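Engineer: File my_file37.txt below, compact mmCIF, C-alpha atoms:
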# COMPACT_ATOMS: atom_id res chain seq x y z
CA MET A 1119 -42.33 -9.61 21.81
CA LYS A 1120 -40.81 -11.89 19.24
CA THR A 1121 -44.00 -13.57 17.96
CA PRO A 1122 -45.86 -10.31 17.08
CA ALA A 1123 -42.73 -9.04 15.34
CA ILE A 1124 -42.48 -12.17 13.21
CA LEU A 1125 -46.24 -11.92 12.50
CA ILE A 1126 -45.95 -8.28 11.37
CA VAL A 1127 -42.96 -9.09 9.16
CA PHE A 1128 -44.83 -12.05 7.68
CA VAL A 1129 -47.98 -10.01 6.95
CA PHE A 1130 -46.11 -7.14 5.33
CA GLY A 1131 -43.83 -9.52 3.47
CA SER A 1132 -46.80 -11.33 1.97
CA LEU A 1133 -48.39 -7.96 1.09
CA LEU A 1134 -45.21 -7.05 -0.78
CA VAL A 1135 -45.17 -10.39 -2.58
CA LEU A 1136 -48.88 -9.96 -3.43
CA SER A 1137 -48.24 -6.50 -4.85
CA THR A 1138 -45.69 -7.94 -7.27
CA LEU A 1139 -48.59 -9.72 -9.01
CA ASP A 1140 -49.63 -6.30 -10.38
CA PHE A 1141 -46.25 -5.80 -11.99
CA PRO A 1142 -45.95 -6.13 -15.74
CA PRO A 1143 -44.22 -9.37 -16.79
CA TRP A 1144 -40.44 -9.40 -16.76
CA GLY A 1145 -38.96 -8.02 -19.97
CA ASP A 1146 -42.34 -6.76 -21.22
CA PRO A 1147 -41.75 -4.12 -23.95
CA ALA A 1148 -45.17 -2.59 -23.25
CA ALA A 1149 -44.46 -2.04 -19.54
CA PRO A 1150 -44.95 1.60 -18.42
CA ALA A 1151 -41.25 1.90 -17.56
CA SER A 1152 -40.22 0.79 -21.04
CA VAL A 1153 -42.41 3.08 -23.16
CA HIS A 1154 -41.56 6.54 -21.79
CA VAL A 1155 -37.89 7.42 -22.43
CA SER A 1156 -36.29 3.99 -22.80
CA PRO A 1157 -36.93 3.70 -26.57
CA HIS A 1158 -35.11 6.99 -27.07
CA TYR A 1159 -32.11 5.77 -25.06
CA ILE A 1160 -32.00 2.43 -26.86
CA GLU A 1161 -32.30 3.91 -30.33
CA GLN A 1162 -30.34 7.16 -29.98
CA ALA A 1163 -27.65 6.49 -27.32
CA MET A 1164 -25.07 5.34 -29.85
CA ALA A 1165 -25.78 8.24 -32.24
CA GLU A 1166 -25.87 10.89 -29.50
CA THR A 1167 -23.00 9.84 -27.24
CA SER A 1168 -21.04 7.23 -29.26
CA VAL A 1169 -21.13 4.93 -26.21
CA PRO A 1170 -22.07 1.34 -27.09
CA ASN A 1171 -22.98 0.41 -23.51
CA ILE A 1172 -26.37 2.07 -23.04
CA VAL A 1173 -26.22 1.58 -19.27
CA THR A 1174 -23.11 3.76 -19.06
CA ALA A 1175 -24.62 6.39 -21.35
CA VAL A 1176 -27.79 6.60 -19.23
CA LEU A 1177 -25.88 6.50 -15.95
CA ALA A 1178 -23.29 9.16 -16.65
CA ASP A 1179 -24.85 11.31 -19.36
CA TYR A 1180 -28.64 11.24 -19.56
CA ARG A 1181 -28.99 10.92 -15.81
CA GLY A 1182 -25.77 12.67 -14.85
CA TYR A 1183 -27.37 14.48 -11.92
CA ASP A 1184 -28.44 11.18 -10.42
CA THR A 1185 -24.91 9.79 -10.55
CA LEU A 1186 -23.41 13.06 -9.32
CA PHE A 1187 -25.52 12.90 -6.19
CA GLU A 1188 -24.83 9.18 -5.79
CA THR A 1189 -21.14 10.09 -5.72
CA ILE A 1190 -21.86 12.83 -3.19
CA VAL A 1191 -23.77 10.28 -1.08
CA ILE A 1192 -20.67 8.05 -1.04
CA PHE A 1193 -18.47 11.03 -0.20
CA THR A 1194 -20.82 12.07 2.62
CA ALA A 1195 -20.94 8.51 3.96
CA GLY A 1196 -17.13 8.42 3.95
CA VAL A 1197 -16.91 11.73 5.83
CA ALA A 1198 -19.57 10.58 8.31
CA CYS A 1199 -17.64 7.37 8.98
CA LEU A 1200 -14.48 9.44 9.44
CA PHE A 1201 -16.15 11.46 12.20
CA LEU A 1202 -17.90 8.47 13.77
CA LEU A 1203 -15.07 5.95 13.80
CA ARG A 1204 -11.85 7.92 13.85
CA ILE A 1205 -10.12 8.41 17.20
CA PHE A 1206 -7.72 11.31 16.85
CA ARG A 1207 -6.13 10.92 20.27
CA ARG A 1208 -2.89 9.03 19.90
CA ILE A 1209 -2.51 6.12 22.31
CA GLU A 1210 0.92 4.55 22.49
CA PRO A 1211 0.62 0.82 23.17
CA GLU A 1212 2.21 -0.46 26.37
CA SER A 1213 4.37 -2.94 24.54
CA ARG A 1214 5.60 -3.59 21.04
CA MET A 1215 6.14 -6.86 19.23
CA TYR A 1216 9.08 -7.47 16.96
CA ARG A 1217 10.03 -10.40 14.82
CA HIS A 1218 13.67 -11.29 14.37
CA ILE A 1219 13.59 -12.05 10.66
CA PRO A 1220 16.56 -14.51 10.33
CA THR A 1221 15.40 -16.76 13.17
CA GLY A 1222 11.65 -16.04 13.29
CA ILE A 1223 11.73 -15.40 17.05
CA THR A 1224 9.08 -12.99 18.32
CA LEU A 1225 10.13 -10.41 20.90
CA ARG A 1226 7.81 -8.47 23.18
CA ILE A 1227 9.28 -5.23 24.47
CA THR A 1228 7.46 -3.56 27.35
CA LYS A 1229 7.98 0.17 27.92
CA PRO A 1230 9.37 0.65 24.42
CA VAL A 1231 11.75 3.41 23.53
CA SER A 1232 10.09 6.08 21.43
CA PRO A 1233 11.67 5.46 18.03
CA PRO A 1234 10.54 2.02 16.91
CA LEU A 1235 13.26 -0.52 16.43
CA GLU A 1236 13.11 -1.08 12.67
CA THR A 1237 16.25 -2.49 11.17
CA ALA A 1238 16.98 -5.00 8.48
CA GLU A 1239 16.89 -7.78 11.07
CA PHE A 1240 13.88 -6.73 13.14
CA GLU A 1241 10.38 -6.25 11.81
CA ARG A 1242 7.65 -4.69 13.91
CA ILE A 1243 4.48 -6.79 14.02
CA ASP A 1244 0.96 -6.16 15.31
CA LEU A 1245 0.01 -6.94 18.89
CA MET A 1246 -3.18 -8.83 18.18
CA TRP A 1247 -2.97 -11.47 15.52
CA VAL A 1248 -0.15 -11.90 13.05
CA PRO A 1249 0.65 -15.35 11.78
CA TYR A 1250 3.59 -15.01 9.44
CA ASP A 1251 2.67 -16.52 6.12
CA LEU A 1252 5.05 -16.35 3.20
CA VAL A 1253 2.55 -17.95 0.81
CA VAL A 1254 -0.19 -15.39 1.47
CA LYS A 1255 2.26 -12.51 1.27
CA THR A 1256 3.81 -13.63 -2.00
CA ALA A 1257 0.51 -14.58 -3.63
CA CYS A 1258 -1.03 -11.23 -2.74
CA ARG A 1259 2.04 -9.41 -4.02
CA LEU A 1260 1.37 -11.08 -7.36
CA ILE A 1261 -2.38 -10.48 -7.33
CA VAL A 1262 -2.42 -6.81 -6.26
CA PRO A 1263 -0.88 -5.22 -9.39
CA PHE A 1264 -3.07 -7.26 -11.71
CA SER A 1265 -6.23 -6.42 -9.83
CA GLN A 1266 -5.28 -2.74 -9.95
CA LEU A 1267 -4.72 -2.99 -13.68
CA PHE A 1268 -8.07 -4.74 -14.02
CA ALA A 1269 -9.72 -1.94 -12.03
CA LEU A 1270 -8.30 0.69 -14.37
CA TYR A 1271 -9.52 -1.40 -17.30
CA VAL A 1272 -13.01 -1.58 -15.78
CA ILE A 1273 -13.11 2.20 -15.35
CA ALA A 1274 -11.73 2.97 -18.80
CA HIS A 1275 -13.66 0.27 -20.63
CA GLY A 1276 -17.03 1.08 -19.07
CA HIS A 1277 -18.10 2.59 -22.38
CA HIS A 1278 -17.94 -0.76 -24.14
CA SER A 1279 -18.49 -3.43 -21.50
CA PRO A 1280 -20.12 -3.76 -18.09
CA GLY A 1281 -18.30 -1.69 -15.53
CA GLY A 1282 -17.51 1.90 -14.84
CA GLY A 1283 -16.49 4.17 -12.03
CA PHE A 1284 -18.29 2.46 -9.16
CA GLN A 1285 -17.14 -1.07 -9.92
CA GLY A 1286 -13.63 -0.05 -10.93
CA GLY A 1287 -13.25 2.13 -7.84
CA VAL A 1288 -14.36 -0.70 -5.59
CA ILE A 1289 -11.89 -3.12 -7.20
CA LEU A 1290 -9.10 -0.55 -6.90
CA GLY A 1291 -9.96 -0.04 -3.24
CA ALA A 1292 -10.17 -3.80 -2.71
CA SER A 1293 -6.66 -4.24 -4.10
CA ILE A 1294 -5.29 -1.79 -1.54
CA ILE A 1295 -7.31 -3.51 1.21
CA LEU A 1296 -5.84 -6.83 0.04
CA TYR A 1297 -2.38 -5.35 0.39
CA ALA A 1298 -3.22 -4.14 3.89
CA ILE A 1299 -4.52 -7.59 4.86
CA SER A 1300 -1.68 -9.59 3.35
CA ASN A 1301 1.12 -7.43 4.78
CA ASN A 1302 0.00 -5.23 7.62
CA MET A 1303 -1.80 -1.96 8.01
CA ARG A 1304 1.36 0.01 8.75
CA ALA A 1305 2.95 -1.04 5.46
CA SER A 1306 -0.23 -0.06 3.65
CA LEU A 1307 -0.45 3.28 5.47
CA VAL A 1308 3.06 4.15 4.27
CA ARG A 1309 1.96 3.75 0.65
CA PHE A 1310 -1.60 5.01 0.90
CA ASN A 1311 -1.94 7.16 3.97
CA GLU A 1312 -5.05 8.62 5.51
CA LYS A 1313 -4.38 12.15 4.31
CA LEU A 1314 -4.21 10.93 0.72
CA ALA A 1315 -7.41 8.90 1.15
CA VAL A 1316 -9.40 11.86 2.49
CA LEU A 1317 -7.94 14.14 -0.18
CA LEU A 1318 -8.92 11.70 -2.95
CA CYS A 1319 -12.47 11.41 -1.50
CA GLY A 1320 -12.96 15.09 -2.23
CA LEU A 1321 -10.95 15.12 -5.45
CA GLY A 1322 -13.24 12.62 -7.14
CA VAL A 1323 -16.36 14.66 -6.42
CA LEU A 1324 -14.46 17.77 -7.54
CA ILE A 1325 -13.58 16.13 -10.87
CA TYR A 1326 -17.22 15.16 -11.44
CA ALA A 1327 -18.67 18.52 -10.43
CA GLY A 1328 -15.85 20.36 -12.22
CA THR A 1329 -16.61 18.58 -15.49
CA GLY A 1330 -20.21 19.76 -15.12
CA ALA A 1331 -19.13 23.28 -14.22
CA ALA A 1332 -16.79 23.42 -17.23
CA ALA A 1333 -19.85 22.91 -19.42
CA ILE A 1334 -21.48 25.96 -17.79
CA LEU A 1335 -18.36 28.04 -18.43
CA LEU A 1336 -18.57 27.08 -22.10
CA GLY A 1337 -22.15 28.29 -22.29
CA ALA A 1338 -24.15 25.07 -21.99
CA ASN A 1339 -26.20 23.51 -19.21
CA TYR A 1340 -24.61 21.90 -16.17
CA LEU A 1341 -23.26 18.41 -17.01
CA ASP A 1342 -23.88 18.90 -20.74
CA TYR A 1343 -20.59 17.39 -21.88
CA GLY A 1344 -21.22 18.19 -25.55
CA ALA A 1345 -20.02 21.74 -24.82
CA LEU A 1346 -16.56 20.41 -23.90
CA SER A 1347 -15.84 19.88 -27.60
CA GLU A 1348 -14.22 23.33 -27.74
CA ILE A 1349 -11.56 22.35 -25.19
CA LEU A 1350 -11.08 18.79 -26.38
CA GLY A 1351 -10.92 19.63 -30.05
CA ALA A 1352 -13.42 16.92 -30.95
CA ASP A 1353 -16.98 17.03 -32.20
CA ALA A 1354 -19.88 17.25 -29.72
CA ILE A 1355 -20.66 13.53 -29.80
CA ALA A 1356 -17.08 12.48 -29.06
CA ALA A 1357 -16.96 15.16 -26.34
CA ARG A 1358 -19.94 13.54 -24.61
CA SER A 1359 -18.05 10.24 -24.65
CA PHE A 1360 -14.96 11.94 -23.16
CA GLY A 1361 -17.13 13.69 -20.57
CA ILE A 1362 -18.52 10.33 -19.49
CA LEU A 1363 -14.98 8.99 -19.10
CA MET A 1364 -13.99 11.99 -16.97
CA VAL A 1365 -16.92 11.64 -14.59
CA GLU A 1366 -16.31 7.88 -14.36
CA ILE A 1367 -12.73 8.62 -13.29
CA GLY A 1368 -14.05 11.03 -10.66
CA VAL A 1369 -16.50 8.42 -9.34
CA GLY A 1370 -13.77 5.78 -9.29
CA ILE A 1371 -11.38 7.96 -7.26
CA THR A 1372 -14.02 8.81 -4.66
CA VAL A 1373 -15.26 5.23 -4.29
CA MET A 1374 -11.72 3.86 -4.00
CA ALA A 1375 -10.68 6.37 -1.34
CA VAL A 1376 -13.86 5.89 0.71
CA MET A 1377 -13.52 2.09 0.66
CA VAL A 1378 -9.89 2.21 1.78
CA HIS A 1379 -10.57 4.76 4.49
CA LEU A 1380 -13.57 2.77 5.72
CA TYR A 1381 -11.44 -0.34 5.95
CA TYR A 1382 -8.62 1.45 7.80
CA SER A 1383 -11.06 2.91 10.32
CA LEU A 1384 -12.92 -0.35 10.89
CA ALA A 1385 -9.95 -2.69 11.08
CA SER A 1386 -7.94 -0.48 13.43
CA ALA A 1387 -10.95 0.59 15.54
CA GLY A 1388 -10.43 4.18 14.42
CA ARG A 1389 -6.82 4.52 15.54
CA HIS A 1390 -5.14 3.89 12.18
CA ASP A 1391 -2.13 2.24 13.80
CA GLU A 1392 -2.44 -1.50 13.45
CA GLY A 1393 -5.23 -3.69 12.22
CA LEU A 1394 -6.31 -6.89 10.58
CA MET B 1213 -32.22 -19.54 -19.14
CA ILE B 1214 -32.66 -23.00 -17.64
CA TRP B 1215 -35.36 -22.60 -14.97
CA GLN B 1216 -33.92 -25.33 -12.73
CA ILE B 1217 -30.70 -23.34 -12.27
CA GLU B 1218 -32.67 -20.17 -11.55
CA PHE B 1219 -34.76 -22.05 -8.98
CA VAL B 1220 -31.68 -23.44 -7.23
CA VAL B 1221 -30.06 -19.99 -7.14
CA LEU B 1222 -33.25 -18.43 -5.77
CA LEU B 1223 -33.43 -21.15 -3.11
CA MET B 1224 -29.80 -20.46 -2.18
CA VAL B 1225 -30.61 -16.74 -1.86
CA LEU B 1226 -33.39 -17.58 0.60
CA ILE B 1227 -31.25 -20.04 2.57
CA CYS B 1228 -28.28 -17.67 2.79
CA GLY B 1229 -30.50 -14.71 3.72
CA ILE B 1230 -32.30 -16.57 6.49
CA GLY B 1231 -29.04 -18.14 7.63
CA ALA B 1232 -27.28 -14.78 7.82
CA ILE B 1233 -29.83 -13.37 10.27
CA THR B 1234 -30.19 -16.51 12.40
CA VAL B 1235 -26.68 -17.81 13.03
CA LYS B 1236 -25.08 -16.85 16.34
CA ASP B 1237 -21.56 -16.64 14.96
CA LEU B 1238 -21.15 -13.17 13.45
CA LEU B 1239 -18.19 -14.21 11.30
CA GLY B 1240 -20.38 -16.95 9.83
CA ALA B 1241 -23.13 -14.38 9.29
CA ALA B 1242 -20.68 -12.17 7.37
CA ILE B 1243 -19.64 -15.09 5.15
CA LEU B 1244 -23.28 -16.10 4.61
CA PHE B 1245 -24.10 -12.51 3.68
CA GLY B 1246 -21.29 -12.60 1.14
CA ALA B 1247 -22.70 -15.83 -0.29
CA TYR B 1248 -26.14 -14.20 -0.40
CA SER B 1249 -24.68 -11.26 -2.34
CA PHE B 1250 -22.98 -13.59 -4.77
CA MET B 1251 -26.21 -15.50 -5.38
CA MET B 1252 -28.01 -12.19 -5.95
CA CYS B 1253 -25.25 -11.32 -8.41
CA LEU B 1254 -25.99 -14.55 -10.30
CA LEU B 1255 -29.69 -13.65 -10.34
CA TRP B 1256 -28.94 -10.20 -11.78
CA ALA B 1257 -26.77 -11.79 -14.43
CA ILE B 1258 -29.54 -14.29 -15.27
CA MET B 1259 -31.97 -11.39 -15.73
CA GLY B 1260 -29.57 -9.65 -18.09
CA ALA B 1261 -28.61 -6.76 -15.77
CA VAL B 1262 -24.88 -7.30 -16.17
CA ASP B 1263 -23.81 -3.92 -14.79
CA VAL B 1264 -25.85 -4.44 -11.64
CA ALA B 1265 -24.43 -7.96 -11.31
CA PHE B 1266 -20.91 -6.57 -11.56
CA THR B 1267 -21.64 -3.99 -8.87
CA GLU B 1268 -23.22 -6.61 -6.62
CA ALA B 1269 -20.21 -8.90 -7.04
CA SER B 1270 -17.63 -6.21 -6.29
CA VAL B 1271 -19.45 -4.25 -3.58
CA GLY B 1272 -21.74 -6.80 -1.98
CA ALA B 1273 -19.73 -9.99 -2.17
CA GLY B 1274 -16.29 -8.33 -2.15
CA VAL B 1275 -15.69 -5.23 -0.11
CA SER B 1276 -18.68 -5.31 2.25
CA THR B 1277 -17.76 -8.82 3.40
CA VAL B 1278 -14.24 -7.56 4.17
CA LEU B 1279 -15.69 -4.62 6.11
CA PHE B 1280 -17.95 -6.97 8.09
CA VAL B 1281 -15.01 -9.22 8.90
CA ALA B 1282 -12.98 -6.18 9.99
CA ALA B 1283 -15.84 -5.06 12.24
CA VAL B 1284 -16.16 -8.56 13.74
CA PHE B 1285 -12.39 -8.61 14.30
CA ARG B 1286 -12.63 -5.43 16.37
CA THR B 1287 -15.82 -6.28 18.29
CA SER B 1288 -17.09 -9.72 19.28
CA ARG B 1289 -17.81 -12.87 17.40
CA ARG B 1290 -20.98 -13.84 19.25
CA THR B 1291 -24.29 -12.06 19.19
CA SER B 1292 -25.93 -11.22 22.51
CA ASP B 1293 -29.42 -12.12 21.31
Spit out the file's structure as structure tokens when you get a sec.
Structural biologist:
Amino acid sequence: MKTPAILIVFVFGSLLVLSTLDFPPWGDPAAPASVHVSPHYIEQAMAETSVPNIVTAVLADYRGYDTLFETIVIFTAGVACLFLLRIFRRIEPESRMYRHIPTGITLRITKPVSPPLETAEFERIDLMWVPYDLVVKTACRLIVPFSQLFALYVIAHGHHSPGGGFQGGVILGASIILYAISNNMRASLVRFNEKLAVLLCGLGVLIYAGTGAAAILLGANYLDYGALSEILGADAIAARSFGILMVEIGVGITVMAVMVHLYYSLASAGRHDEGL
Amino acid sequence: MIWQIEFVVLLMVLICGIGAITVKDLLGAAILFGAYSFMMCLLWAIMGAVDVAFTEASVGAGVSTVLFVAAVFRTSRRTSD
């Protein structure tokens, strides 16, 4: 069974490689993809949207529908993972582990009393794998705020440099995941709980679609941000730039929430109690 | 761009890709897949697609590796085949 499979993969792989010989050369200005609408984007993007990064202008303005549905795909994937992975039945573990902070002794309490023993001296730890590491904890405490600031910069500066909602959202989500890894999932769930994550998943799509719908209410086409100039008090070109920023924020919120929720579900096997 | 560097990066992409599907240790496969993503990110950057490179670095090499590691942590480390 294995040899025919490898043979089929090899044959189709070589067919794919052969078909690349028909492609126009890399960076060819006369390639069919580069002569249709690309010249317009390259020449007019700055004048029409006042966004220096053409990629952002194309992504969020000229092809706004494309990005809207990409965001909806991420939202749908997040909701699908919620239904697939999440276990809503609450299972109380048979025993709990505590660390006595002054001495570092680990206690295992079987048949625990219902309110967890959380005082200044005792710290609850996960059952599976928790080496206590001051260096990791402290280093991550330093890194997390800066990476969050960098993520906000990536979202807000997508007009001028590489970046935007998707990348910034992923970095923002990664910073929360880093916090969950370096401390523990319970500490992270206190600050960014599941309800908030699911709410933000929908909120991001709502911001994106709402920006488009606002354009309809002002008498233009869906996702035509130029119409927002009446609300924003700026001219139509600046309004398109602001519209791009708003949809990027929406994308960032959705991506961040989906990433965090995905991590929570995967690392805790759907129970959202304790994890990696 | 210096073609030797491109060639080495392309070779690394191939090695990491083949390695990721052949190793028995799933944690190793996750790390190799992250390395593969990072090499792809370098290739995108070489070709001038900086936005795509940024996405590849943050999504492919960053978060998806973490998600793979989390999945390995909750399942098993060895493949059955």
Engineer: Residues of chain A that approach chain B to 8 Å or less, counting all atoms listed in the file: could you list each one with the shortest pair of atoms and its distance in Å to one decimal, rows by chain and increasing residue number, as JSON lines?
Structural biologist:
{"residue": "A:Val1173", "atom": "CA", "partner": "B:Asp1263", "partner_atom": "CA", "distance": 7.5}
{"residue": "A:Pro1280", "atom": "CA", "partner": "B:Asp1263", "partner_atom": "CA", "distance": 5.0}
{"residue": "A:Gly1281", "atom": "CA", "partner": "B:Asp1263", "partner_atom": "CA", "distance": 6.0}
{"residue": "A:Phe1284", "atom": "CA", "partner": "B:Thr1267", "partner_atom": "CA", "distance": 7.3}
{"residue": "A:Gln1285", "atom": "CA", "partner": "B:Thr1267", "partner_atom": "CA", "distance": 5.5}
{"residue": "A:Val1288", "atom": "CA", "partner": "B:Ser1270", "partner_atom": "CA", "distance": 6.4}
{"residue": "A:Ile1289", "atom": "CA", "partner": "B:Ser1270", "partner_atom": "CA", "distance": 6.6}
{"residue": "A:Ala1292", "atom": "CA", "partner": "B:Val1275", "partner_atom": "CA", "distance": 6.3}
{"residue": "A:Met1377", "atom": "CA", "partner": "B:Val1275", "partner_atom": "CA", "distance": 7.7}
{"residue": "A:Leu1380", "atom": "CA", "partner": "B:Leu1279", "partner_atom": "CA", "distance": 7.7}
{"residue": "A:Tyr1381", "atom": "CA", "partner": "B:Leu1279", "partner_atom": "CA", "distance": 6.0}
{"residue": "A:Leu1384", "atom": "CA", "partner": "B:Ala1283", "partner_atom": "CA", "distance": 5.7}
{"residue": "A:Ala1385", "atom": "CA", "partner": "B:Ala1282", "partner_atom": "CA", "distance": 4.7}
{"residue": "A:Ser1386", "atom": "CA", "partner": "B:Arg1286", "partner_atom": "CA", "distance": 7.4}
{"residue": "A:Ala1387", "atom": "CA", "partner": "B:Arg1286", "partner_atom": "CA", "distance": 6.3}
{"residue": "A:Leu1394", "atom": "CA", "partner": "B:Ala1282", "partner_atom": "CA", "distance": 6.7}
Engineer: Tell me, as a PyMOL selection string, which residues lie within 9 Å of Val1221 in chain B, counting all atoms listed in the file; anything in the same chain fewer than 3 positions away does not count.
Structural biologist: chain B and resi 1216-1218+1224-1226+1251-1252+1254-1255
Engineer: Considering all atoms listed in the file, can you say which of B:Ala1247, B:Cys1253, B:Ile1258, B:Ile1214 comes closest to Gly1229 in chain B?
Structural biologist: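 The shortest atom-to-atom distance to Gly1229 in chain B comes from B:Ala1247.
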Engineer: Within 12 Å of Ala1232 in chain B, counting all atoms listed in the file, which residues show up once you throw out same-chain ones fewer than 3 positions away? Write them as an MDAnalysis selection string, please.
Structural biologist: chainID B and resid 1224:1229 1235:1249
Engineer: Quick one: distance from CA of Gly1388 in chain A to CA of Tyr1326 in chain A in Å, one decimal?
Structural biologist: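 Separation of CA of Gly1388 in chain A and CA of Tyr1326 in chain A: 28.9 Å.
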Engineer: Can you tell me which residues surround Thr1194 in chain A at a distance of at most 12 Å, considering only C-alpha atoms, apart from same-chain residues fewer than 4 positions away, and format the answer as a count of residues only?
Structural biologist: 15
